[in-house]
Structure formats: C-alpha cells, structure tokens
>>> print(open('target.tsv').read())   # TSV, C-alpha atoms
chain	number	residue	atom	x	y	z
A	1	GLY	CA	0.00	0.00	0.00
A	2	ILE	CA	0.90	3.68	-0.29
A	3	VAL	CA	0.55	6.17	2.58
A	4	GLU	CA	0.75	9.98	1.97
A	5	SER	CA	1.38	12.60	4.60
A	6	VAL	CA	1.33	16.31	3.73
A	7	LEU	CA	4.25	18.30	5.08
A	8	GLY	CA	3.76	21.86	3.95
A	9	ASN	CA	4.16	21.60	0.21
A	10	THR	CA	6.15	18.35	0.53
A	11	LEU	CA	4.82	14.79	0.25
A	12	VAL	CA	6.70	11.83	1.79
A	13	VAL	CA	5.75	8.58	0.09
A	14	ASP	CA	6.50	5.21	1.77
A	15	GLY	CA	6.25	1.90	-0.12
A	16	HIS	CA	5.89	-1.45	1.70
A	17	ASP	CA	6.50	-4.83	0.06
A	18	GLY	CA	8.46	-6.62	2.73
A	19	GLY	CA	11.10	-3.96	2.57
A	20	SER	CA	10.76	-0.19	2.56
A	21	ALA	CA	11.86	2.83	0.59
A	22	SER	CA	10.85	6.46	0.72
A	23	THR	CA	11.17	9.54	-1.43
A	24	THR	CA	10.16	13.18	-1.11
A	25	ILE	CA	7.99	14.95	-3.65
A	26	THR	CA	7.68	18.76	-3.56
A	27	VAL	CA	4.43	20.31	-4.77
A	28	ASN	CA	4.57	23.97	-5.74
A	29	LEU	CA	1.22	25.72	-5.28
A	30	THR	CA	0.72	28.56	-7.78
A	31	ASP	CA	-1.64	31.40	-6.85
A	32	VAL	CA	-4.60	32.08	-9.13
A	33	ASN	CA	-6.06	35.56	-9.19
A	34	GLU	CA	-9.73	35.08	-8.37
A	35	LYS	CA	-12.70	37.29	-9.08
A	36	PRO	CA	-13.83	39.84	-6.47
A	37	GLU	CA	-16.72	38.67	-4.33
A	38	PRO	CA	-19.49	41.26	-3.67
A	39	GLU	CA	-21.75	40.77	-0.66
A	40	ASN	CA	-24.58	42.56	1.16
A	41	VAL	CA	-25.89	44.17	-2.02
A	42	LYS	CA	-29.42	45.53	-1.60
A	43	SER	CA	-32.06	44.93	-4.23
A	44	GLN	CA	-32.77	48.68	-4.24
A	45	TYR	CA	-31.17	51.88	-2.99
A	46	SER	CA	-33.13	55.11	-2.50
A	47	VAL	CA	-32.17	58.78	-2.48
A	48	ALA	CA	-34.23	61.96	-2.23
A	49	GLU	CA	-34.18	64.40	-5.13
A	50	ASN	CA	-31.90	67.46	-4.80
A	51	THR	CA	-29.51	65.56	-2.50
A	52	THR	CA	-26.07	67.17	-2.52
A	53	LYS	CA	-23.08	65.84	-4.45
A	54	GLY	CA	-21.03	63.28	-2.51
A	55	THR	CA	-23.94	62.06	-0.37
A	56	VAL	CA	-23.88	58.29	0.20
A	57	VAL	CA	-26.87	56.59	-1.42
A	58	GLY	CA	-25.91	53.17	-0.07
A	59	SER	CA	-23.05	50.70	0.35
A	60	PHE	CA	-22.07	47.05	-0.05
A	61	ASP	CA	-19.04	44.85	0.63
A	62	VAL	CA	-16.44	43.36	-1.71
A	63	PHE	CA	-13.86	40.71	-0.76
A	64	ASP	CA	-10.66	40.12	-2.73
A	65	ASN	CA	-7.54	38.78	-0.99
A	66	ASP	CA	-5.31	38.75	-4.05
A	67	LYS	CA	-2.14	40.81	-3.86
A	68	ASN	CA	0.02	42.55	-6.40
A	69	SER	CA	3.67	43.10	-5.43
A	70	GLY	CA	2.82	42.46	-1.79
A	71	SER	CA	-0.13	44.86	-1.61
A	72	TYR	CA	-3.81	44.14	-2.03
A	73	GLU	CA	-4.68	44.79	-5.63
A	74	THR	CA	-6.67	47.81	-6.72
A	75	LEU	CA	-10.24	47.22	-7.83
A	76	THR	CA	-12.10	49.46	-10.23
A	77	TYR	CA	-15.84	50.11	-10.21
A	78	SER	CA	-18.22	51.24	-12.91
A	79	LEU	CA	-21.96	51.91	-12.89
A	80	SER	CA	-24.24	51.62	-15.89
A	81	GLY	CA	-27.95	51.91	-16.56
A	82	SER	CA	-30.28	53.70	-18.93
A	83	LEU	CA	-32.74	56.46	-18.10
A	84	THR	CA	-35.14	55.40	-20.82
A	85	GLY	CA	-38.63	56.72	-20.14
A	86	ALA	CA	-37.57	59.71	-18.03
A	87	VAL	CA	-39.91	62.53	-19.01
A	88	ASN	CA	-37.69	65.60	-18.91
A	89	THR	CA	-34.06	64.96	-18.04
A	90	THR	CA	-31.03	65.92	-20.08
A	91	ALA	CA	-29.17	62.92	-18.68
A	92	LYS	CA	-29.13	59.69	-20.67
A	93	LYS	CA	-27.36	57.37	-18.23
A	94	LEU	CA	-27.36	56.70	-14.48
A	95	SER	CA	-23.60	57.18	-14.46
A	96	GLU	CA	-24.17	60.90	-15.10
A	97	ILE	CA	-25.98	61.16	-11.77
A	98	PHE	CA	-24.30	58.50	-9.59
A	99	GLU	CA	-20.86	56.99	-9.14
A	100	VAL	CA	-19.33	54.06	-7.24
A	101	LYS	CA	-16.22	54.45	-5.07
A	102	GLU	CA	-14.31	52.29	-2.62
A	103	LYS	CA	-14.27	53.83	0.83
A	104	ILE	CA	-11.99	51.49	2.78
A	105	ASN	CA	-9.92	48.32	2.30
A	106	VAL	CA	-8.95	46.31	5.37
A	107	GLY	CA	-7.16	43.05	4.61
A	108	GLY	CA	-8.90	42.69	1.27
A	109	ALA	CA	-12.33	43.38	2.79
A	110	ARG	CA	-13.66	46.51	1.15
A	111	THR	CA	-16.59	48.83	1.80
A	112	VAL	CA	-17.91	50.30	-1.44
A	113	GLN	CA	-20.33	53.23	-1.71
A	114	ILE	CA	-22.80	54.53	-4.27
A	115	LEU	CA	-22.59	58.34	-4.25
A	116	VAL	CA	-24.44	61.29	-5.75
A	117	LYS	CA	-22.31	62.60	-8.61
A	118	ASP	CA	-24.42	65.48	-9.98
A	119	GLN	CA	-27.04	67.14	-7.79
A	120	SER	CA	-28.41	69.23	-10.65
A	121	LEU	CA	-29.60	66.08	-12.44
A	122	LEU	CA	-31.15	64.55	-9.34
A	123	ASP	CA	-34.66	65.82	-10.05
A	124	TYR	CA	-37.64	63.54	-9.40
A	125	GLU	CA	-39.95	65.41	-11.75
A	126	ALA	CA	-37.43	65.26	-14.61
A	127	LEU	CA	-36.63	61.59	-13.96
A	128	TYR	CA	-40.25	60.54	-13.49
A	129	ASN	CA	-41.32	57.69	-15.77
A	130	SER	CA	-44.99	57.91	-16.66
A	131	SER	CA	-45.11	54.18	-17.47
A	132	THR	CA	-43.75	52.94	-14.15
A	133	LYS	CA	-45.20	55.89	-12.17
A	134	ASN	CA	-41.90	56.42	-10.35
A	135	ALA	CA	-38.27	57.42	-10.85
A	136	THR	CA	-36.69	54.01	-10.21
A	137	TYR	CA	-34.14	52.58	-12.63
A	138	PRO	CA	-32.17	49.30	-12.88
A	139	ALA	CA	-28.43	49.67	-12.28
A	140	THR	CA	-25.50	47.38	-13.08
A	141	ILE	CA	-22.23	47.70	-11.17
A	142	THR	CA	-19.12	46.07	-12.62
A	143	ILE	CA	-16.10	45.31	-10.40
A	144	THR	CA	-12.77	44.57	-12.08
A	145	ASP	CA	-9.47	43.51	-10.50
A	146	ALA	CA	-5.86	43.99	-11.62
A	147	ALA	CA	-5.94	40.75	-13.64
A	148	SER	CA	-9.00	41.97	-15.57
A	149	ASN	CA	-11.26	39.53	-13.75
A	150	SER	CA	-14.67	41.13	-13.44
A	151	VAL	CA	-17.97	40.47	-11.76
A	152	THR	CA	-21.26	42.29	-12.19
A	153	LEU	CA	-24.09	42.87	-9.75
A	154	THR	CA	-27.55	44.28	-10.36
A	155	THR	CA	-29.69	46.52	-8.20
A	156	LYS	CA	-32.08	49.46	-8.58
A	157	ILE	CA	-31.73	53.13	-7.68
A	158	ALA	CA	-34.91	54.98	-6.74
A	159	VAL	CA	-35.09	58.78	-6.69
A	160	THR	CA	-37.81	59.84	-4.28
A	161	ASP	CA	-39.93	62.98	-4.43
A	162	VAL	CA	-39.42	65.96	-2.13
A	163	ASN	CA	-42.16	68.54	-1.81
A	164	GLU	CA	-40.62	71.75	-3.14
A	165	LYS	CA	-41.88	75.24	-2.45
A	166	HIS	CA	-43.93	76.79	-5.21
A	167	THR	CA	-43.86	80.41	-6.33
A	168	ALA	CA	-46.76	82.73	-7.08
A	169	THR	CA	-46.98	85.76	-9.36
A	170	GLY	CA	-49.44	88.60	-8.95
A	171	GLY	CA	-49.79	91.69	-11.08
A	172	THR	CA	-51.79	94.82	-11.78
A	173	PHE	CA	-55.45	94.27	-12.59
A	174	TYR	CA	-58.31	96.61	-13.54
A	175	LEU	CA	-61.89	97.18	-12.43
A	176	LEU	CA	-64.68	99.57	-13.45
A	177	GLU	CA	-66.55	101.52	-10.80
A	178	HIS	CA	-69.99	100.26	-9.85
A	179	SER	CA	-68.82	96.70	-10.44
A	180	ALA	CA	-71.15	94.20	-8.89
A	181	SER	CA	-70.25	91.63	-6.24
A	182	GLY	CA	-68.58	88.54	-7.70
A	183	GLU	CA	-67.38	90.28	-10.84
A	184	ASN	CA	-63.94	89.37	-12.21
A	185	VAL	CA	-61.22	91.97	-12.33
A	186	CYS	CA	-59.58	92.42	-15.73
A	187	ALA	CA	-56.05	91.49	-16.72
A	188	THR	CA	-55.82	94.55	-18.99
A	189	MET	CA	-57.50	97.95	-19.13
A	190	HIS	CA	-61.07	97.95	-20.41
A	191	ASP	CA	-61.74	99.14	-23.93
A	192	ASP	CA	-63.83	102.25	-24.69
A	193	GLU	CA	-67.01	100.23	-24.33
A	194	GLY	CA	-65.99	98.81	-20.97
A	195	ASN	CA	-65.23	95.32	-22.24
A	196	CYS	CA	-62.66	93.10	-20.57
A	197	ALA	CA	-60.24	91.16	-22.78
A	198	GLY	CA	-59.19	88.73	-20.08
A	199	TYR	CA	-59.67	88.10	-16.41
A	200	GLY	CA	-57.07	88.80	-13.75
A	201	GLN	CA	-55.59	85.63	-12.30
A	202	VAL	CA	-52.76	84.90	-9.92
A	203	THR	CA	-50.39	82.40	-11.52
A	204	PHE	CA	-48.09	79.96	-9.79
A	205	ASN	CA	-45.28	77.56	-10.54
A	206	ASP	CA	-45.03	74.31	-8.59
A	207	PRO	CA	-42.29	71.83	-9.56
A	208	ASP	CA	-44.13	68.96	-7.90
A	209	LEU	CA	-46.29	66.79	-10.11
A	210	SER	CA	-49.16	65.94	-7.79
A	211	ASN	CA	-49.79	69.04	-5.69
A	212	THR	CA	-53.17	70.73	-5.62
A	213	LEU	CA	-53.09	74.38	-4.61
A	214	LYS	CA	-55.75	76.39	-2.89
A	215	PHE	CA	-55.94	80.17	-2.66
A	216	LYS	CA	-57.00	82.65	-0.04
A	217	MET	CA	-56.31	86.20	1.07
A	218	SER	CA	-53.16	86.51	3.10
A	219	SER	CA	-53.27	87.13	6.83
A	220	ALA	CA	-50.48	89.65	6.19
A	221	ASN	CA	-53.00	92.13	4.79
A	222	THR	CA	-53.35	95.09	7.17
A	223	SER	CA	-55.49	97.48	5.10
A	224	SER	CA	-59.15	97.23	4.20
A	225	ASP	CA	-58.26	96.85	0.52
A	226	ALA	CA	-58.26	93.08	0.82
A	227	ASP	CA	-61.87	93.16	2.06
A	228	ALA	CA	-62.98	94.37	-1.34
A	229	PHE	CA	-61.93	91.19	-3.14
A	230	ILE	CA	-62.02	87.43	-3.00
A	231	VAL	CA	-59.89	84.83	-4.77
A	232	ASP	CA	-61.47	81.67	-6.15
A	233	TYR	CA	-60.06	78.13	-6.30
A	234	GLN	CA	-58.35	78.84	-9.64
A	235	GLY	CA	-56.68	82.04	-8.48
A	236	TYR	CA	-59.06	84.44	-10.22
A	237	ILE	CA	-59.63	87.73	-8.40
A	238	LYS	CA	-63.25	88.82	-7.97
A	239	THR	CA	-65.08	91.58	-6.16
A	240	SER	CA	-66.62	90.84	-2.80
A	241	GLY	CA	-69.89	92.16	-1.45
A	242	ASN	CA	-68.18	94.30	1.16
A	243	VAL	CA	-67.37	97.43	-0.87
A	244	GLU	CA	-69.20	99.73	-3.26
A	245	PHE	CA	-66.77	100.55	-6.05
A	246	GLU	CA	-67.31	104.21	-6.77
A	247	TYR	CA	-64.71	106.88	-7.40
A	248	ASP	CA	-65.43	110.40	-8.60
A	249	GLY	CA	-63.39	112.39	-11.06
A	250	ILE	CA	-62.85	112.20	-14.80
A	251	GLY	CA	-59.99	109.87	-15.53
A	252	ALA	CA	-59.47	109.30	-11.83
A	253	THR	CA	-58.41	105.94	-10.46
A	254	HIS	CA	-58.23	104.27	-7.10
A	255	THR	CA	-55.64	101.62	-6.33
A	256	TYR	CA	-56.21	98.62	-4.08
A	257	THR	CA	-53.17	96.75	-2.83
A	258	PHE	CA	-53.24	93.43	-1.02
A	259	ASN	CA	-51.54	90.05	-0.67
A	260	ARG	CA	-52.92	86.76	-1.87
A	261	ARG	CA	-51.76	83.44	-0.41
A	262	SER	CA	-51.54	80.02	-2.05
A	263	GLU	CA	-51.23	76.84	-0.05
A	264	GLU	CA	-50.38	73.33	-1.20
A	265	ARG	CA	-51.36	70.03	0.35
A	266	PHE	CA	-48.16	69.78	2.41
A	267	SER	CA	-48.68	73.30	3.86
A	268	ARG	CA	-45.91	74.93	1.86
A	269	ASN	CA	-47.04	78.50	1.18
A	270	ALA	CA	-46.31	81.33	-1.20
A	271	GLU	CA	-47.56	84.91	-1.21
A	272	THR	CA	-47.65	87.59	-3.87
A	273	ASP	CA	-48.67	91.24	-4.13
A	274	ILE	CA	-51.65	92.39	-6.16
>>> encode(input="target.tsv", output="structure tokens")
Amino acid sequence: GIVESVLGNTLVVDGHDGGSASTTITVNLTDVNEKPEPENVKSQYSVAENTTKGTVVGSFDVFDNDKNSGSYETLTYSLSGSLTGAVNTTAKKLSEIFEVKEKINVGGARTVQILVKDQSLLDYEALYNSSTKNATYPATITITDAASNSVTLTTKIAVTDVNEKHTATGGTFYLLEHSASGENVCATMHDDEGNCAGYGQVTFNDPDLSNTLKFKMSSANTSSDADAFIVDYQGYIKTSGNVEFEYDGIGATHTYTFNRRSEERFSRNAETDI
C-alpha cells in the first residue's frame, strides 16, 4: 500500500512490500487571481431628489484577498444603466448622476459606496417615468481587478420625491366703478365700451407633479383693501360684497393693494402682491 502525509508543500511517500523505501515529492502551489466577491448588495437603494453631491446613497461589501507586489490589488468600479422613459431629463445614463467608489480596504475586505455625482440632475420630476409611475431605474455595477477579472451585480436606484416650495406671481389688474359683487377683475384695461379682454388671475409655478393648490387672502393684509376682493379656487380675483366701487373724477383711479396666499397640500405656502 501507499501512505501519503502532507508536510507543507512536501509529500513523503513510503512503499511497503516486505522492505521499505521512501522519497520526497515537492508540490509547488501557484496562486490564481480570483474574481472579487461582492456581498450585502441591496435589491434597491433610494435617495431623495436634490440631495447634494457626494452624499452616500448606499453601500455594499467586496472581498478580494489577491495581492500585487505584496499589496492588495486595486479594484475598479463602474456603474451603468439607462434612463429610458424619463420625461424631462437631459441625462441619458445613471452614471451621469451617480458613481461608485471604494471607501476602505482592510485586509482585502472593502466597503464600497454609491454616491451622488451630480445634484443638478437629481430631479424627481425630470426623472419621473410615466409608465412605471416612479423614478426608479435598474443599475448594473461592474467590479474589475488587476488581472481583468470582473464580476457584475444588479440593483435598482430609486429617486424619491421631495415637496418643493412653489412660487406665485401677482400683477396689476383693472376694475370699473360700480362693479357688482362677484365680478372678475380684468387682466388689462377695459376698452372704450368697458369690455374686458381677459380676467385677472394669480399664476403659480409648482415643480411637484401631484400638488393641488388652494388660494385665499393673506393674513399679512393690514389694510381694508383686501376686504374688497375674493380669490377663487383657480386664483381668479373677484369683487366681494363688502365694498361699493365708486370713485369720482374724470380719468381718476383708485388703487387697491393686497396680498394673496396660495397653499399646497403639504402646507408649503407662497404669497404675492396684487
């Protein structure tokens, strides 16, 4: 029979057939550079829109014990993914908005982070996909070692909505004396026959897709001018029943000044002068 005993990288082989003889065989073990091993990768990472550059979206681990000239080899990371379906973004790829960087390497055990690369492109409304009803996109991360061994992992990155403050714009509107209660003010001066070309309306700009605004007179009004008008649910300015609009003098005018307030469903407010 033959009996083998392992001594480091050396094998001692004994043969028995009534006598004995032995010899030593040396086995040289050659290192093979193996692929990096990612772990603790989430199925989805989330980040709020407008998040600043360099903010950590999420992290995962990578293990690679291979060395190059005595030091743990350098790994490279790349992120890919299309923004197909985004309604209004100038970006075409996820890599324009996010990047992947290694934070720390301890004994070949690495912590890797997904970071915000460009805050200006991190806009939920621009990235919103009307088909999926969200701003979530598949992402592929490729990890490559010094020997060009690579491994890929898949996840998703979701950009979440933040309620942003809207802005409101007032203006100068016109009204004839003796106007009845509930009559619209005019956006332009009346013609010679007293006709109104368009009604006065407070306009607003709200970046958020789903907000519904409501309008009311501002509590900041301190004069009685605001009592003469109401604002409807669309922002149109109308006369109230509290004032008789009469002003004497040929070509004379009277000016009413007041603030109007708009409120959205998350209680973010904007005010404008009229």
>>> residues_around(input="target.tsv", residues="A:Pro38", least_positions_apart="2", cutoff="9 Å", atoms="all atoms listed in the file", output="MDAnalysis selection string")
chainID A and resid 36 40:41 60:64 143 151:153
>>> atom_distance(input="target.tsv", atom1="atom CA of A:Gly58", atom2="atom CA of A:Tyr45")
6.2 Å
>>> closest_residue(input="target.tsv", among="A:Asp123, A:Lys103, A:Ala228, A:Thr132", to="A:Asn163", atoms="all atoms listed in the file")
A:Asp123
>>> atom_distance(input="target.tsv", atom1="atom CA of A:Gly170", atom2="atom CA of A:Tyr199")
12.7 Å
>>> residues_around(input="target.tsv", residues="A:Tyr236", least_positions_apart="5", cutoff="8 Å", atoms="only C-alpha atoms", output="VMD selection string")
chain A and resid 184 199 to 202 231
>>> atom_distance(input="target.tsv", atom1="atom CA of A:Asn50", atom2="atom CA of A:Ser120")
7.0 Å
>>> residues_around(input="target.tsv", residues="A:Lys93", least_positions_apart="3", cutoff="12 Å", atoms="all atoms listed in the file", output="ChimeraX atom specification")
/A:79-86,89-90,96-99,118,121,127,137-140
>>> closest_residue(input="target.tsv", among="A:Val56, A:Ala109, A:Ala135, A:Val162", to="A:Asn88", atoms="only C-alpha atoms")
A:Ala135
